[in-house]
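Notes to accompany the following structure.
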Amino acid sequence: MKPAILLAILSTVALADAVVQTQSAAQTGDPDIYKGLIVGVGPGVFAVIVTAIFAIVMCLFKDSIEAPNVCVAAAIILPLIVLGIVQALPIKSLSTST
């Protein structure tokens with residue numbers, strides 16, 4: 001086996017071990033803070049990410065409509081509106097359980 005391939009395999013194994021140790025160390029607190037997460041992020045952040053991806057797709061298809069500038073403007077404004085809605089929502093609690 002070539003040394004470069006062996007080095008790549010060993011570094012990948014070491015990186016995977018570090019990630020597993022970090023994840024186990026990160027979950028040693030109050031387990032209630034991990035409830036309700038979607039793909040590791042909160043629902044508000046997830047909504048903003050999905051809207052941003054949708055806006056990027058809108059920009060890709062801007063040339064298929066008669067007013068491409070309106071399409072791009074809507075694609076810019078849409079994630080900002082969702083972010084504003086998420087910012088306006090009340091937070092459950094800022095207190096910690098310690």
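Letters A, B, ... go to the chains of the structure tokens in the order shown; residues in each chain start at 1; ligands are counted from 1 in the same order.
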
Shell of 12 Å around Ile77 of chain A, only C-alpha atoms, local chain residues under 3 positions omitted, as a PDB file with C-alpha atoms, in the first residue's frame:
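Now in part01.pdb:
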ATOM      1  CA  VAL A  48     -34.224  30.361   7.181  1.00  0.00           C
ATOM      2  CA  THR A  51     -35.918  29.597   2.429  1.00  0.00           C
ATOM      3  CA  ALA A  52     -32.414  30.651   1.394  1.00  0.00           C
ATOM      4  CA  PHE A  54     -35.422  28.157  -2.275  1.00  0.00           C
ATOM      5  CA  ALA A  55     -34.281  31.718  -3.044  1.00  0.00           C
ATOM      6  CA  ILE A  56     -31.136  30.403  -4.728  1.00  0.00           C
ATOM      7  CA  MET A  58     -35.457  31.147  -7.739  1.00  0.00           C
ATOM      8  CA  VAL A  70     -38.418  41.229  -9.785  1.00  0.00           C
ATOM      9  CA  CYS A  71     -37.582  37.540  -9.351  1.00  0.00           C
ATOM     10  CA  VAL A  72     -34.139  38.336  -7.922  1.00  0.00           C
ATOM     11  CA  ALA A  73     -35.589  41.008  -5.632  1.00  0.00           C
ATOM     12  CA  ALA A  74     -38.181  38.539  -4.354  1.00  0.00           C
ATOM     13  CA  LEU A  80     -35.180  38.315   5.073  1.00  0.00           C
ATOM     14  CA  ILE A  81     -38.926  38.142   5.739  1.00  0.00           C
ATOM     15  CA  VAL A  82     -38.579  34.646   7.202  1.00  0.00           C
ATOM     16  CA  LEU A  83     -35.660  35.793   9.351  1.00  0.00           C
ATOM     17  CA  GLY A  84     -37.755  38.725  10.594  1.00  0.00           C
TER      18      GLY A  84
END

Given only C-alpha atoms as the basis, pick out the residue of A:Pro68, A:Ile49, A:Phe61, A:Gly44 nearest to Ile85 of chain A. A:Gly44

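Put simply, atom CA of Lys35 of chain A is 18.2 Å away from atom CA of Leu89 of chain A.
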
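If you look at atom CA of Ala75 of chain A and atom CA of Cys59 of chain A, they are 6.6 Å away from each other.
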